[in-house]
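*Asks:* So I've got this file, run-v8.cif, and it contains mmCIF, C-alpha atoms:
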```
data_query
#
loop_
_atom_site.group_PDB
_atom_site.id
_atom_site.type_symbol
_atom_site.label_atom_id
_atom_site.label_comp_id
_atom_site.auth_asym_id
_atom_site.auth_seq_id
_atom_site.Cartn_x
_atom_site.Cartn_y
_atom_site.Cartn_z
ATOM 1 C CA MET A 25 58.290 79.958 146.628
ATOM 2 C CA PRO A 26 56.250 81.699 143.922
ATOM 3 C CA SER A 27 55.976 79.697 140.726
ATOM 4 C CA LEU A 28 57.521 82.510 138.647
ATOM 5 C CA THR A 29 60.641 82.511 140.834
ATOM 6 C CA ARG A 30 60.907 78.704 140.625
ATOM 7 C CA SER A 31 60.607 78.918 136.839
ATOM 8 C CA ILE A 32 63.388 81.531 136.557
ATOM 9 C CA LEU A 33 65.710 79.518 138.816
ATOM 10 C CA ALA A 34 65.011 76.341 136.857
ATOM 11 C CA ARG A 35 65.858 78.041 133.573
ATOM 12 C CA ALA A 36 69.045 79.503 135.071
ATOM 13 C CA ALA A 37 70.133 76.076 136.341
ATOM 14 C CA ALA A 38 69.454 74.507 132.943
ATOM 15 C CA CYS A 39 71.466 77.214 131.157
ATOM 16 C CA ALA A 40 74.355 76.815 133.592
ATOM 17 C CA SER A 41 74.402 73.050 133.019
ATOM 18 C CA LEU A 42 74.287 73.533 129.253
ATOM 19 C CA SER A 43 77.177 76.013 129.413
ATOM 20 C CA LEU A 44 79.292 73.497 131.331
ATOM 21 C CA VAL A 45 78.546 70.801 128.769
ATOM 22 C CA ILE A 46 79.431 73.094 125.857
ATOM 23 C CA ALA A 47 82.645 74.280 127.529
ATOM 24 C CA GLY A 48 83.646 70.694 128.239
ATOM 25 C CA CYS A 49 83.115 69.611 124.640
ATOM 26 C CA ASN A 50 85.122 72.379 122.973
ATOM 27 C CA PRO A 51 88.923 72.231 122.693
ATOM 28 C CA PRO A 52 90.762 75.212 124.271
ATOM 29 C CA HIS A 53 91.263 76.959 120.915
ATOM 30 C CA ASP A 54 87.638 76.688 119.830
ATOM 31 C CA GLY A 55 86.372 80.127 120.789
ATOM 32 C CA VAL A 56 87.465 79.953 124.429
ATOM 33 C CA ALA A 57 89.790 82.778 125.448
ATOM 34 C CA ASP A 58 93.313 81.645 126.326
ATOM 35 C CA PRO A 59 95.493 84.754 126.795
ATOM 36 C CA ASP A 60 98.764 82.809 127.058
ATOM 37 C CA SER A 61 98.154 80.977 123.781
ATOM 38 C CA ALA A 62 96.968 84.196 122.107
ATOM 39 C CA ARG A 63 100.289 85.768 123.075
ATOM 40 C CA ARG A 64 102.291 82.767 121.854
ATOM 41 C CA ALA A 65 100.444 82.791 118.520
ATOM 42 C CA TYR A 66 102.054 86.198 117.882
ATOM 43 C CA LEU A 67 105.423 85.540 119.533
ATOM 44 C CA GLY A 68 106.087 82.809 116.996
ATOM 45 C CA LEU A 69 105.872 85.530 114.320
ATOM 46 C CA ASP A 70 107.699 88.325 116.153
ATOM 47 C CA ARG A 71 111.045 87.748 114.436
ATOM 48 C CA ALA A 72 109.204 87.054 111.180
ATOM 49 C CA VAL A 73 107.826 90.606 111.165
ATOM 50 C CA ASP A 74 111.350 91.945 111.609
ATOM 51 C CA ARG A 75 112.654 89.653 108.858
ATOM 52 C CA ALA A 76 109.883 90.697 106.455
ATOM 53 C CA ILE A 77 110.754 94.386 106.878
ATOM 54 C CA GLY A 78 114.434 93.604 106.377
ATOM 55 C CA LEU A 79 113.782 91.604 103.204
ATOM 56 C CA GLY A 80 111.560 94.413 101.957
ATOM 57 C CA PHE A 81 114.478 96.838 102.214
ATOM 58 C CA ASP A 82 116.764 94.271 100.532
ATOM 59 C CA GLY A 83 114.328 94.123 97.627
ATOM 60 C CA PHE A 84 114.121 97.908 97.479
ATOM 61 C CA ASN A 85 117.898 98.179 97.126
ATOM 62 C CA ALA A 86 118.037 95.364 94.552
ATOM 63 C CA ALA A 87 115.245 96.730 92.333
ATOM 64 C CA SER A 88 116.178 98.012 88.868
ATOM 65 C CA ASN A 89 112.565 98.648 87.873
ATOM 66 C CA ALA A 90 109.154 98.744 89.505
ATOM 67 C CA ASN A 91 109.228 95.020 90.291
ATOM 68 C CA ILE A 92 111.220 94.089 93.367
ATOM 69 C CA PRO A 93 113.264 90.896 92.930
ATOM 70 C CA GLU A 94 111.837 88.226 95.218
ATOM 71 C CA GLN A 95 113.789 87.990 98.432
ATOM 72 C CA MET A 96 113.913 84.728 100.357
ATOM 73 C CA GLY A 97 114.864 84.159 103.986
ATOM 74 C CA ALA A 98 114.990 80.996 106.060
ATOM 75 C CA GLY A 99 113.320 80.550 109.413
ATOM 76 C CA GLU A 100 115.808 79.972 112.214
ATOM 77 C CA LEU A 101 114.472 76.439 112.715
ATOM 78 C CA SER A 102 112.634 75.583 109.484
ATOM 79 C CA GLY A 103 110.852 76.829 106.419
ATOM 80 C CA THR A 104 111.071 79.914 104.265
ATOM 81 C CA MET A 105 109.774 83.436 103.878
ATOM 82 C CA VAL A 106 109.422 85.029 100.433
ATOM 83 C CA VAL A 107 108.934 88.788 99.992
ATOM 84 C CA GLY A 108 108.166 90.368 96.622
ATOM 85 C CA GLY A 109 106.199 93.236 95.133
ATOM 86 C CA LYS A 110 106.600 96.669 93.603
ATOM 87 C CA VAL A 111 108.290 99.990 94.384
ATOM 88 C CA ASP A 112 107.994 103.488 92.925
ATOM 89 C CA GLN A 113 110.682 104.362 90.419
ATOM 90 C CA GLY A 114 112.231 107.754 89.672
ATOM 91 C CA ALA A 115 114.409 110.295 91.420
ATOM 92 C CA SER A 116 111.986 111.242 94.196
ATOM 93 C CA ASP A 117 113.120 111.062 97.816
ATOM 94 C CA ASN A 118 109.719 109.527 98.639
ATOM 95 C CA LYS A 119 108.940 105.920 97.720
ATOM 96 C CA GLU A 120 106.007 103.542 98.142
ATOM 97 C CA MET A 121 106.523 99.800 98.429
ATOM 98 C CA ASP A 122 103.642 97.356 97.981
ATOM 99 C CA LEU A 123 104.948 93.988 99.123
ATOM 100 C CA THR A 124 103.651 90.479 99.704
ATOM 101 C CA VAL A 125 104.905 88.036 102.332
ATOM 102 C CA THR A 126 104.476 84.254 102.031
ATOM 103 C CA LEU A 127 105.488 81.698 104.669
ATOM 104 C CA THR A 128 106.051 77.980 104.111
ATOM 105 C CA ASP A 129 106.547 75.710 107.160
ATOM 106 C CA TYR A 130 108.149 78.756 108.807
ATOM 107 C CA SER A 131 109.501 78.552 112.358
ATOM 108 C CA ASP A 132 112.059 80.583 114.287
ATOM 109 C CA GLY A 133 112.252 77.918 116.980
ATOM 110 C CA PRO A 134 110.196 77.022 120.049
ATOM 111 C CA VAL A 135 108.047 79.857 121.365
ATOM 112 C CA GLU A 136 109.167 80.756 124.893
ATOM 113 C CA ASP A 137 111.636 77.847 124.496
ATOM 114 C CA MET A 138 108.767 75.393 124.989
ATOM 115 C CA PHE A 139 106.119 75.446 122.250
ATOM 116 C CA ASP A 140 106.811 74.247 118.710
ATOM 117 C CA VAL A 141 104.720 76.185 116.188
ATOM 118 C CA ALA A 142 105.110 76.514 112.405
ATOM 119 C CA TYR A 143 103.334 78.976 110.106
ATOM 120 C CA ASP A 144 102.085 78.696 106.538
ATOM 121 C CA GLY A 145 100.196 81.138 104.407
ATOM 122 C CA GLY A 146 99.985 84.432 102.697
ATOM 123 C CA PRO A 147 100.430 86.368 100.699
ATOM 124 C CA ALA A 148 100.150 88.861 103.543
ATOM 125 C CA LEU A 149 100.368 92.531 102.581
ATOM 126 C CA LEU A 150 103.332 94.640 103.699
ATOM 127 C CA ASP A 151 102.995 98.268 102.582
ATOM 128 C CA LEU A 152 105.862 100.665 103.373
ATOM 129 C CA SER A 153 106.077 104.401 102.717
ATOM 130 C CA LEU A 154 109.587 105.868 102.694
ATOM 131 C CA ARG A 155 109.919 109.632 103.091
ATOM 132 C CA ASP A 156 112.856 112.066 102.782
ATOM 133 C CA LEU A 157 115.398 109.409 101.833
ATOM 134 C CA PRO A 158 118.048 108.522 102.706
ATOM 135 C CA ALA A 159 117.827 109.803 106.306
ATOM 136 C CA GLY A 160 114.072 109.917 106.627
ATOM 137 C CA THR A 161 111.120 107.964 107.942
ATOM 138 C CA VAL A 162 109.283 104.739 107.219
ATOM 139 C CA THR A 163 105.623 104.113 107.967
ATOM 140 C CA GLY A 164 103.470 101.215 106.902
ATOM 141 C CA SER A 165 101.202 98.299 107.666
ATOM 142 C CA PHE A 166 101.401 94.510 107.715
ATOM 143 C CA SER A 167 98.190 92.495 107.444
ATOM 144 C CA GLY A 168 97.324 88.913 106.615
ATOM 145 C CA GLU A 169 96.516 85.442 107.902
ATOM 146 C CA PHE A 170 98.748 82.454 108.595
ATOM 147 C CA ALA A 171 97.868 78.878 109.529
ATOM 148 C CA MET A 172 99.511 77.482 112.664
ATOM 149 C CA THR A 173 100.542 73.853 113.089
ATOM 150 C CA GLY A 174 102.239 72.122 115.985
ATOM 151 C CA GLU A 175 101.371 72.942 119.579
ATOM 152 C CA LEU A 176 99.088 75.771 118.441
ATOM 153 C CA ALA A 177 96.481 75.243 115.737
ATOM 154 C CA GLY A 178 94.168 77.349 113.628
ATOM 155 C CA MET A 179 94.646 80.735 111.988
ATOM 156 C CA VAL A 180 96.325 83.873 113.297
ATOM 157 C CA ALA A 181 95.569 87.220 111.631
ATOM 158 C CA LEU A 182 98.004 90.126 111.917
ATOM 159 C CA ASP A 183 96.874 93.754 111.684
ATOM 160 C CA LEU A 184 99.974 95.856 112.356
ATOM 161 C CA ASP A 185 101.145 99.460 111.984
ATOM 162 C CA ILE A 186 104.834 100.223 111.503
ATOM 163 C CA THR A 187 106.808 103.418 112.112
ATOM 164 C CA GLY A 188 110.528 104.137 112.163
ATOM 165 C CA GLU A 189 113.499 105.866 110.593
ATOM 166 C CA THR A 190 115.779 105.165 107.633
ATOM 167 C CA GLU A 191 119.463 105.795 107.004
ATOM 168 C CA GLU A 192 122.106 105.286 104.339
ATOM 169 C CA ALA A 193 124.431 102.325 104.814
ATOM 170 C CA PRO A 194 128.183 102.643 104.070
ATOM 171 C CA ASP A 195 127.632 100.918 100.711
ATOM 172 C CA GLY A 196 124.951 103.455 99.740
ATOM 173 C CA ALA A 197 121.990 101.171 100.359
ATOM 174 C CA ILE A 198 118.928 102.426 102.227
ATOM 175 C CA ARG A 199 118.180 100.580 105.437
ATOM 176 C CA ARG A 200 116.011 100.972 108.516
ATOM 177 C CA LYS A 201 117.798 102.681 111.359
ATOM 178 C CA ALA A 202 118.515 100.176 114.101
ATOM 179 C CA GLY A 203 116.335 100.487 117.187
ATOM 180 C CA THR A 204 113.801 102.887 115.641
ATOM 181 C CA ILE A 205 111.200 100.483 114.255
ATOM 182 C CA HIS A 206 107.997 100.472 116.326
ATOM 183 C CA VAL A 207 105.227 97.943 115.661
ATOM 184 C CA THR A 208 101.723 98.173 117.146
ATOM 185 C CA GLY A 209 98.470 96.374 116.401
ATOM 186 C CA THR A 210 96.799 93.048 117.058
ATOM 187 C CA ALA A 211 97.205 89.319 116.461
ATOM 188 C CA THR A 212 93.803 87.631 116.391
ATOM 189 C CA SER A 213 93.397 83.860 116.686
ATOM 190 C CA ASP A 214 90.869 81.385 118.060
ATOM 191 C CA TYR A 215 92.626 81.879 121.402
ATOM 192 C CA GLY A 216 91.768 85.586 121.538
ATOM 193 C CA VAL A 217 93.203 88.966 120.589
ATOM 194 C CA PHE A 218 96.751 89.864 121.595
ATOM 195 C CA ALA A 219 97.733 93.563 121.613
ATOM 196 C CA ILE A 220 101.177 94.200 120.130
ATOM 197 C CA ASP A 221 103.498 97.070 121.053
ATOM 198 C CA VAL A 222 107.145 96.203 120.313
ATOM 199 C CA SER A 223 110.335 97.873 119.128
ATOM 200 C CA LEU A 224 112.581 96.129 116.612
#
```
Take the structure from the file and write it as structure tokens.
*Replies:*
Amino acid sequence: MPSLTRSILARAAACASLSLVIAGCNPPHDGVADPDSARRAYLGLDRAVDRAIGLGFDGFNAASNANIPEQMGAGELSGTMVVGGKVDQGASDNKEMDLTVTLTDYSDGPVEDMFDVAYDGGPALLDLSLRDLPAGTVTGSFSGEFAMTGELAGMVALDLDITGETEEAPDGAIRRKAGTIHVTGTATSDYGVFAIDVSL
């Protein structure tokens, strides 16, 4: 065998051995793709996204000036979510809401009925644009990082786009129209990137 070929094969074998050693030393969440865990990192926040939008509308309806009164919601299993921020004032049918979302030991219960995960962090940014109120549209974005503890660890970063419709409730409040909210984007963690496309 020519010496050049032997040299190339030797280097390839050494690299393969080194790769096995590195892979064996790293925990599953340390840069090694794990699609199931990447999905679960988001699923633990799926209802939280819905709750954040709902609390944002609650704050909008409660506001008497540009500052939205802080709205607090409890996770279904533990912890809290706090949403606050600002909203345009005046008589216009178009409004902008600049909101923040903070989670403390937040959990909506076991992910896929098996995996206990809690989330802390924020403030994440929830920006909502309301157009042609009351029966109009809502568009916006939700971005920020949360720390996971429990059976998933590390950080998960959300980068979401939101679209939907609004309507007037019987009491005169503005609310999102049920079944129209569409959320797309990504949840990025040490486990990988999970693509999100859900309706709320």
*Asks:* For segment 123-135 of chain A, list every protein, DNA or RNA residue within 8 Å, evaluated using only C-alpha atoms, and leave out those in the same chain fewer than 5 positions away; present the list as a PDB file with C-alpha atoms, in the coordinates of the input.
*Replies:*
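To be explicit, this is the file written out as selection_5.pdb:
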```pdb
ATOM      1  CA  ARG A  64     102.291  82.767 121.854  1.00  0.00           C
ATOM      2  CA  LEU A  67     105.423  85.540 119.533  1.00  0.00           C
ATOM      3  CA  GLY A  68     106.087  82.809 116.996  1.00  0.00           C
ATOM      4  CA  LEU A  69     105.872  85.530 114.320  1.00  0.00           C
ATOM      5  CA  ARG A  71     111.045  87.748 114.436  1.00  0.00           C
ATOM      6  CA  ALA A  72     109.204  87.054 111.180  1.00  0.00           C
ATOM      7  CA  ALA A  76     109.883  90.697 106.455  1.00  0.00           C
ATOM      8  CA  GLY A  80     111.560  94.413 101.957  1.00  0.00           C
ATOM      9  CA  ALA A  98     114.990  80.996 106.060  1.00  0.00           C
ATOM     10  CA  GLY A  99     113.320  80.550 109.413  1.00  0.00           C
ATOM     11  CA  GLU A 100     115.808  79.972 112.214  1.00  0.00           C
ATOM     12  CA  LEU A 101     114.472  76.439 112.715  1.00  0.00           C
ATOM     13  CA  SER A 102     112.634  75.583 109.484  1.00  0.00           C
ATOM     14  CA  GLY A 103     110.852  76.829 106.419  1.00  0.00           C
ATOM     15  CA  THR A 104     111.071  79.914 104.265  1.00  0.00           C
ATOM     16  CA  MET A 105     109.774  83.436 103.878  1.00  0.00           C
ATOM     17  CA  VAL A 106     109.422  85.029 100.433  1.00  0.00           C
ATOM     18  CA  VAL A 107     108.934  88.788  99.992  1.00  0.00           C
ATOM     19  CA  GLY A 108     108.166  90.368  96.622  1.00  0.00           C
ATOM     20  CA  GLY A 109     106.199  93.236  95.133  1.00  0.00           C
ATOM     21  CA  LYS A 110     106.600  96.669  93.603  1.00  0.00           C
ATOM     22  CA  ASP A 140     106.811  74.247 118.710  1.00  0.00           C
ATOM     23  CA  VAL A 141     104.720  76.185 116.188  1.00  0.00           C
ATOM     24  CA  ALA A 142     105.110  76.514 112.405  1.00  0.00           C
ATOM     25  CA  TYR A 143     103.334  78.976 110.106  1.00  0.00           C
ATOM     26  CA  ASP A 144     102.085  78.696 106.538  1.00  0.00           C
ATOM     27  CA  GLY A 145     100.196  81.138 104.407  1.00  0.00           C
ATOM     28  CA  GLY A 146      99.985  84.432 102.697  1.00  0.00           C
ATOM     29  CA  PRO A 147     100.430  86.368 100.699  1.00  0.00           C
ATOM     30  CA  ALA A 148     100.150  88.861 103.543  1.00  0.00           C
ATOM     31  CA  LEU A 149     100.368  92.531 102.581  1.00  0.00           C
ATOM     32  CA  LEU A 150     103.332  94.640 103.699  1.00  0.00           C
ATOM     33  CA  ASP A 151     102.995  98.268 102.582  1.00  0.00           C
ATOM     34  CA  LEU A 152     105.862 100.665 103.373  1.00  0.00           C
ATOM     35  CA  PHE A 170      98.748  82.454 108.595  1.00  0.00           C
TER      36      PHE A 170
END
```
*Asks:* Step by step, gather every atom of segment 104-122 of chain A that the file lists, find the box along x, y and z that holds them, add 3 Å on each side, and finally give centre and edge lengths in Å to one decimal, as JSON.
*Replies:*
```
{"center_x": 109.0, "center_y": 95.6, "center_z": 97.0, "size_x": 16.8, "size_y": 37.3, "size_z": 20.6}
```
*Asks:* Out of A:Glu175, A:Glu192, A:Glu169, A:Asp112, which residue has the shortest atom-to-atom distance to Ala211 of chain A when counting all atoms listed in the file?
*Replies:* A:Glu169
*Asks:* Write out as a PyMOL selection string the residues lying within 7 Å of Thr187 of chain A, counting only C-alpha atoms and excluding same-chain residues fewer than 2 positions away.
*Replies:* chain A and resi 162-164+185+205-207
*Asks:* To one decimal place in Å, what is the distance between atom CA of Arg199 of chain A and atom CA of Tyr66 of chain A?
*Replies:*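 The value is 24.9 Å.
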*Asks:* By how many Å are atom CA of Arg155 of chain A and atom CA of Gly209 of chain A apart?
*Replies:* 22.0 Å
*Asks:* Can you work out the spacing between atom CA of Thr190 of chain A and atom CA of Leu157 of chain A in Å, to one decimal?
*Replies:* 7.2 Å
*Asks:* When the PyMOL selection byres ((chain A and resi 202) around 10) is applied to the structure above, which residues does it catch, written out as a ChimeraX atom specification?
*Replies:* /A:188-191,199-201,203-205,223-224
*Asks:* Ala86 of chain A: which residues within 12 Å, counting only C-alpha atoms, same-chain residues fewer than 5 positions away excluded, as a PyMOL selection string?
*Replies:* chain A and resi 79-81+91-95+108+110-111+196-198
*Asks:* I need the residue nearest Ser167 of chain A from this list: A:Asp60, A:Asp195, A:Glu136, A:Asp122. Use all atoms listed in the file for the distance.
*Replies:*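 The closest residue to Ser167 of chain A is A:Asp122.
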*Asks:* Would you list the contacts of Ala62 of chain A as a PyMOL selection string, taking every protein, DNA or RNA residue within 7 Å and counting all atoms listed in the file, but skipping same-chain residues closer than 2 positions in sequence?
*Replies:* chain A and resi 58-60+64-66+213+215-218
*Asks:* Counting only C-alpha atoms, which of A:Thr208, A:Ser61, A:Ser88, A:Ser116 gets nearest to Pro158 of chain A?
*Replies:*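 Of A:Thr208, A:Ser61, A:Ser88, A:Ser116, the one nearest Pro158 of chain A is A:Ser116, counting only C-alpha atoms.
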*Asks:* How would segment 118-135 of chain A look with N, CA, C and O atoms restored, written as a PDB file, keeping the file's coordinate frame?
*Replies:*
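The new file result-v5.pdb reads:
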```
ATOM      1  N   ASN A 118     110.844 110.223  98.005  1.00  0.00           N
ATOM      2  CA  ASN A 118     109.719 109.527  98.639  1.00  0.00           C
ATOM      3  C   ASN A 118     109.350 108.312  97.793  1.00  0.00           C
ATOM      4  O   ASN A 118     109.177 108.425  96.583  1.00  0.00           O
ATOM      5  N   LYS A 119     109.223 107.160  98.436  1.00  0.00           N
ATOM      6  CA  LYS A 119     108.940 105.920  97.720  1.00  0.00           C
ATOM      7  C   LYS A 119     107.824 105.150  98.430  1.00  0.00           C
ATOM      8  O   LYS A 119     107.710 105.192  99.661  1.00  0.00           O
ATOM      9  N   GLU A 120     107.036 104.439  97.619  1.00  0.00           N
ATOM     10  CA  GLU A 120     106.007 103.542  98.142  1.00  0.00           C
ATOM     11  C   GLU A 120     106.362 102.117  97.739  1.00  0.00           C
ATOM     12  O   GLU A 120     106.673 101.852  96.578  1.00  0.00           O
ATOM     13  N   MET A 121     106.303 101.219  98.703  1.00  0.00           N
ATOM     14  CA  MET A 121     106.523  99.800  98.429  1.00  0.00           C
ATOM     15  C   MET A 121     105.261  99.024  98.760  1.00  0.00           C
ATOM     16  O   MET A 121     104.734  99.129  99.875  1.00  0.00           O
ATOM     17  N   ASP A 122     104.779  98.246  97.790  1.00  0.00           N
ATOM     18  CA  ASP A 122     103.642  97.356  97.981  1.00  0.00           C
ATOM     19  C   ASP A 122     104.171  95.931  97.891  1.00  0.00           C
ATOM     20  O   ASP A 122     104.458  95.432  96.791  1.00  0.00           O
ATOM     21  N   LEU A 123     104.276  95.277  99.039  1.00  0.00           N
ATOM     22  CA  LEU A 123     104.948  93.988  99.123  1.00  0.00           C
ATOM     23  C   LEU A 123     103.993  92.886  99.558  1.00  0.00           C
ATOM     24  O   LEU A 123     102.953  93.141 100.176  1.00  0.00           O
ATOM     25  N   THR A 124     104.363  91.649  99.213  1.00  0.00           N
ATOM     26  CA  THR A 124     103.651  90.479  99.704  1.00  0.00           C
ATOM     27  C   THR A 124     104.628  89.590 100.460  1.00  0.00           C
ATOM     28  O   THR A 124     105.819  89.525 100.133  1.00  0.00           O
ATOM     29  N   VAL A 125     104.095  88.903 101.482  1.00  0.00           N
ATOM     30  CA  VAL A 125     104.905  88.036 102.332  1.00  0.00           C
ATOM     31  C   VAL A 125     104.242  86.663 102.392  1.00  0.00           C
ATOM     32  O   VAL A 125     103.071  86.552 102.769  1.00  0.00           O
ATOM     33  N   THR A 126     104.988  85.622 102.019  1.00  0.00           N
ATOM     34  CA  THR A 126     104.476  84.254 102.031  1.00  0.00           C
ATOM     35  C   THR A 126     105.372  83.380 102.899  1.00  0.00           C
ATOM     36  O   THR A 126     106.603  83.424 102.771  1.00  0.00           O
ATOM     37  N   LEU A 127     104.756  82.607 103.782  1.00  0.00           N
ATOM     38  CA  LEU A 127     105.488  81.698 104.669  1.00  0.00           C
ATOM     39  C   LEU A 127     105.171  80.250 104.305  1.00  0.00           C
ATOM     40  O   LEU A 127     104.023  79.902 104.026  1.00  0.00           O
ATOM     41  N   THR A 128     106.209  79.409 104.340  1.00  0.00           N
ATOM     42  CA  THR A 128     106.051  77.980 104.111  1.00  0.00           C
ATOM     43  C   THR A 128     106.768  77.212 105.210  1.00  0.00           C
ATOM     44  O   THR A 128     108.002  77.305 105.328  1.00  0.00           O
ATOM     45  N   ASP A 129     105.996  76.500 106.048  1.00  0.00           N
ATOM     46  CA  ASP A 129     106.547  75.710 107.160  1.00  0.00           C
ATOM     47  C   ASP A 129     107.556  76.543 107.956  1.00  0.00           C
ATOM     48  O   ASP A 129     108.616  76.059 108.333  1.00  0.00           O
ATOM     49  N   TYR A 130     107.209  77.795 108.221  1.00  0.00           N
ATOM     50  CA  TYR A 130     108.149  78.756 108.807  1.00  0.00           C
ATOM     51  C   TYR A 130     108.161  78.660 110.333  1.00  0.00           C
ATOM     52  O   TYR A 130     107.104  78.703 110.980  1.00  0.00           O
ATOM     53  N   SER A 131     109.351  78.544 110.901  1.00  0.00           N
ATOM     54  CA  SER A 131     109.501  78.552 112.358  1.00  0.00           C
ATOM     55  C   SER A 131     110.845  79.148 112.734  1.00  0.00           C
ATOM     56  O   SER A 131     111.877  78.813 112.135  1.00  0.00           O
ATOM     57  N   ASP A 132     110.819  80.038 113.738  1.00  0.00           N
ATOM     58  CA  ASP A 132     112.059  80.583 114.287  1.00  0.00           C
ATOM     59  C   ASP A 132     112.459  79.877 115.575  1.00  0.00           C
ATOM     60  O   ASP A 132     113.269  80.388 116.340  1.00  0.00           O
ATOM     61  N   GLY A 133     111.909  78.696 115.796  1.00  0.00           N
ATOM     62  CA  GLY A 133     112.252  77.918 116.980  1.00  0.00           C
ATOM     63  C   GLY A 133     111.132  77.923 117.995  1.00  0.00           C
ATOM     64  O   GLY A 133     110.119  78.615 117.825  1.00  0.00           O
ATOM     65  N   PRO A 134     111.268  77.130 119.047  1.00  0.00           N
ATOM     66  CA  PRO A 134     110.196  77.022 120.049  1.00  0.00           C
ATOM     67  C   PRO A 134     109.834  78.375 120.655  1.00  0.00           C
ATOM     68  O   PRO A 134     110.706  79.164 121.014  1.00  0.00           O
ATOM     69  N   VAL A 135     108.537  78.631 120.742  1.00  0.00           N
ATOM     70  CA  VAL A 135     108.047  79.857 121.365  1.00  0.00           C
ATOM     71  C   VAL A 135     108.234  79.737 122.875  1.00  0.00           C
ATOM     72  O   VAL A 135     107.848  78.742 123.482  1.00  0.00           O
TER      73      VAL A 135
END
```
